[in-house]
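K.L.:
Structure provided below as structure tokens; questions to follow.
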Amino acid sequence: MKIALDPYMLRKVPLLDLPRTVADLGYQYIELSPRDDFLPFFLHPRADNATVAAFRKALAEAEVEVASVLPLYRWSGPDEDERQAAVRYWKRAIEITVDLGVTVMNSEFNGRPALAAESEAQFWRSMEELLPIFEREGVRLVLEPHPDDFIEDGIAGVNLVRGINSDLVTFLYCAPHTFHQGGNLAEIMRHAGPLLTQVHMADSFDFRGSSGLRYIVNPPGSTARVHQHLDIGQGEVNWDLFFGTLKEIGFDGIATVCVFAWEERAADSARVNLTKINSYF
């Protein structure tokens, strides 16, 4: 089991200081999420070979490892030019991951729910080009359905991952997306079984509550997706069921704290959540 921290709330910490900062918070592992000076959201990576080498040295000195690298690109978007650009960005991100000595990458399906069939077709085009690279480099790809992706439902997400039919492509269950995935947390985890190799841990409220009126978004009919990434215990995710199901299925993968709601108390949030998680495990 690797308990990692997504350091997005610490993204203003200089890159080479990040490993020591994470270590001081009590973590041994990082899930390296997008940051403007390394792997930005939806753009080509900014890190050159010297930056990668310096970051790897800083990790070793702090005795911290990158458990997984998380890039986000529009590789399933209906716009073909954007898709081709995303594939180029993925190729460089894979190179950087290999140079860091990391063997796991995780990401989202992306695409558009209103154009689900078209987005899935684009996803398969991208996978046809990228999957041989993941397999050649021995890098695991862990995928999750995300609110506003072309697949949002958890069971459907597991089924798509299974359909890729590669030992190096597995499933990530994201707890703060529980209610957008269908709300059936344990059913999704059990359905994934050994495909479940990574989880994200943060809390969220059930947007479906109060007859769908918990969050009122104007104008009526808006397709906005509302969810939070709160400290564990601040929302409505059933954490006894979450950790109990992980134990039931024998989960032994990467478990990442991915709280984004409290930048003003980022360090305290990281420590509090680590204590809670350790008490469960």
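Quick note on naming: the chains in the structure tokens go A, B, ... in the order shown, residues restart at 1 in each chain, and ligands are numbered from 1 in order of appearance.
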What parts of segment 28-221 of chain A does DSSP call alpha helix (DSSP H)? I'd like the answer as a ChimeraX atom specification.
P.N.:
/A:49-62,80-99,116-137,154-164,185-192,209-212
K.L.:
Just want the 12 Å neighbourhood of Leu15 of chain A, counted on only C-alpha atoms, with same-chain residues fewer than 4 positions away dropped. Output as a PyMOL selection string.
P.N.:
chain A and resi 7-8+10-11+19-22+32-39+47+51-59
K.L.:
Would you mind telling me which residue in A:Pro145, A:Pro14, A:Gly101, A:Gly250 lies nearest to Phe281 of chain A when using only C-alpha atoms?
P.N.:
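Going through A:Pro145, A:Pro14, A:Gly101, A:Gly250 one by one, the smallest distance to Phe281 of chain A is for A:Gly250.
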K.L.:
Quick one: of A:Ala175, A:Ala202, A:Arg208, A:Leu241, who's nearest to Trp262 of chain A, counting only C-alpha atoms?
P.N.:
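For Trp262 of chain A, the nearest of the given residues is A:Ala202.
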K.L.:
Run DSSP on the backbone and tell me which residues of segment 53-257 of chain A come out as strand (DSSP E); list them as an MDAnalysis selection string.
P.N.:
chainID A and resid 65:69 104:108 140:144 169:174 196:201 254:257
K.L.:
What is the atom CA of Ala186 of chain A to atom CA of Asp206 of chain A distance in Å?
P.N.:
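It comes out at 15.9 Å.
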K.L.:
Can you pull out every residue within 9 Å of Glu120 of chain A, counting only C-alpha atoms, but drop anything in the same chain fewer than 2 positions away, and send it as a list in words?
P.N.:
Ser76, Gly77, Pro78, Phe109, Gly111, Leu115, Ala116, Ala117, Glu118, Gln122, Phe123, Trp124, Arg125, Phe150 and Ile151 of chain A
K.L.:
Can you work out which one of A:Pro40, A:Gly253, A:Gly244, A:Gly154 has the shortest atom-to-atom distance to Thr197 of chain A, counting only C-alpha atoms?
P.N.:
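Answer, going by the shortest atom-to-atom distance: A:Gly253.
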K.L.:
Could you give me, as a list in words, the residues within 10 Å of Ala86 of chain A, counting only C-alpha atoms and dropping anything in the same chain fewer than 5 positions from it?
P.N.:
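In the requested form, the answer reads Phe42, Leu43, His44, Leu72, Tyr73, Arg74, Trp75, Ser76, Gly77, Glu80, Asp81, Lys91 and Ser126 of chain A.
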K.L.:
Any chance you could export the current selection's N, CA and C atoms as a CSV table (one decimal), in the first residue's frame?
P.N.:
chain,number,residue,atom,x,y,z
A,42,PHE,N,-3.5,20.4,-19.9
A,42,PHE,CA,-4.0,20.5,-21.3
A,42,PHE,C,-2.9,21.1,-22.3
A,43,LEU,N,-1.7,21.3,-21.8
A,43,LEU,CA,-0.6,21.8,-22.6
A,43,LEU,C,0.6,20.9,-22.6
A,44,HIS,N,1.5,21.2,-23.6
A,44,HIS,CA,2.7,20.3,-23.7
A,44,HIS,C,3.5,20.5,-22.4
A,72,LEU,N,-3.3,15.6,-17.6
A,72,LEU,CA,-4.7,15.7,-18.1
A,72,LEU,C,-4.6,16.4,-19.5
A,73,TYR,N,-5.1,15.7,-20.5
A,73,TYR,CA,-5.1,16.2,-21.9
A,73,TYR,C,-6.4,15.8,-22.5
A,74,ARG,N,-6.7,16.5,-23.6
A,74,ARG,CA,-8.0,16.4,-24.3
A,74,ARG,C,-7.8,15.3,-25.4
A,75,TRP,N,-7.5,14.1,-24.9
A,75,TRP,CA,-7.2,13.0,-25.9
A,75,TRP,C,-8.5,12.3,-26.4
A,76,SER,N,-9.6,12.6,-25.8
A,76,SER,CA,-10.9,12.1,-26.2
A,76,SER,C,-11.8,13.1,-26.8
A,77,GLY,N,-11.3,14.3,-26.9
A,77,GLY,CA,-12.2,15.4,-27.3
A,77,GLY,C,-12.6,15.2,-28.8
A,80,GLU,N,-10.5,17.0,-33.6
A,80,GLU,CA,-9.4,16.1,-34.0
A,80,GLU,C,-8.0,16.8,-33.9
A,81,ASP,N,-7.9,18.1,-34.1
A,81,ASP,CA,-6.6,18.8,-33.9
A,81,ASP,C,-6.2,18.7,-32.5
A,91,LYS,N,2.9,11.6,-25.2
A,91,LYS,CA,4.2,11.0,-25.5
A,91,LYS,C,5.3,11.6,-24.7
A,126,SER,N,-6.8,7.5,-29.9
A,126,SER,CA,-5.6,7.8,-29.1
A,126,SER,C,-5.0,6.6,-28.4
K.L.:
List the spatial neighbours of Cys174 of chain A as a PyMOL selection string - criterion: any atom at most 8 Å away, only C-alpha atoms, same-chain residues fewer than 3 positions off excluded.
P.N.:
chain A and resi 144+177-178+199-201
K.L.:
Those residues with N, CA and C atoms, as an mmCIF file, in the first residue's frame please?
P.N.:
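Once written, again38.cif looks like this:
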data_model
loop_
_atom_site.group_PDB
_atom_site.id
_atom_site.type_symbol
_atom_site.label_atom_id
_atom_site.label_comp_id
_atom_site.auth_asym_id
_atom_site.auth_seq_id
_atom_site.Cartn_x
_atom_site.Cartn_y
_atom_site.Cartn_z
ATOM 1 N N GLU A 144 -9.857 6.837 -14.714
ATOM 2 C CA GLU A 144 -11.048 7.085 -13.907
ATOM 3 C C GLU A 144 -12.091 7.848 -14.716
ATOM 4 N N HIS A 177 -15.925 11.661 -6.330
ATOM 5 C CA HIS A 177 -16.815 11.568 -7.497
ATOM 6 C C HIS A 177 -17.881 10.491 -7.309
ATOM 7 N N THR A 178 -17.980 9.969 -6.084
ATOM 8 C CA THR A 178 -18.893 8.861 -5.801
ATOM 9 C C THR A 178 -20.298 9.106 -6.325
ATOM 10 N N VAL A 199 -6.853 4.558 -5.727
ATOM 11 C CA VAL A 199 -8.024 5.286 -5.249
ATOM 12 C C VAL A 199 -7.629 6.714 -4.915
ATOM 13 N N HIS A 200 -8.604 7.620 -5.057
ATOM 14 C CA HIS A 200 -8.458 8.999 -4.620
ATOM 15 C C HIS A 200 -9.351 9.221 -3.411
ATOM 16 N N MET A 201 -8.812 9.902 -2.400
ATOM 17 C CA MET A 201 -9.526 10.072 -1.144
ATOM 18 C C MET A 201 -9.723 11.552 -0.828
#
K.L.:
Kindly indicate which residue among A:Pro113, A:Gly212, A:Gly235, A:Pro194 lies nearest to His146 of chain A, using only C-alpha atoms for the distances.
P.N.:
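Checking each candidate against His146 of chain A, we get A:Pro113 as the closest.
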K.L.:
Using only C-alpha atoms, pick whichever of A:Arg271, A:Ser211, A:Leu246, A:Glu108 has the shortest atom-to-atom distance to Val161 of chain A.
P.N.:
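Closest to Val161 of chain A, using only C-alpha atoms: A:Glu108.
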K.L.:
I'd like to know which of A:Leu131, A:Ile249, A:Leu18, A:Met9 is closest to Leu168 of chain A, using only C-alpha atoms.
P.N.:
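Of all the options, A:Leu131 lies closest to Leu168 of chain A.
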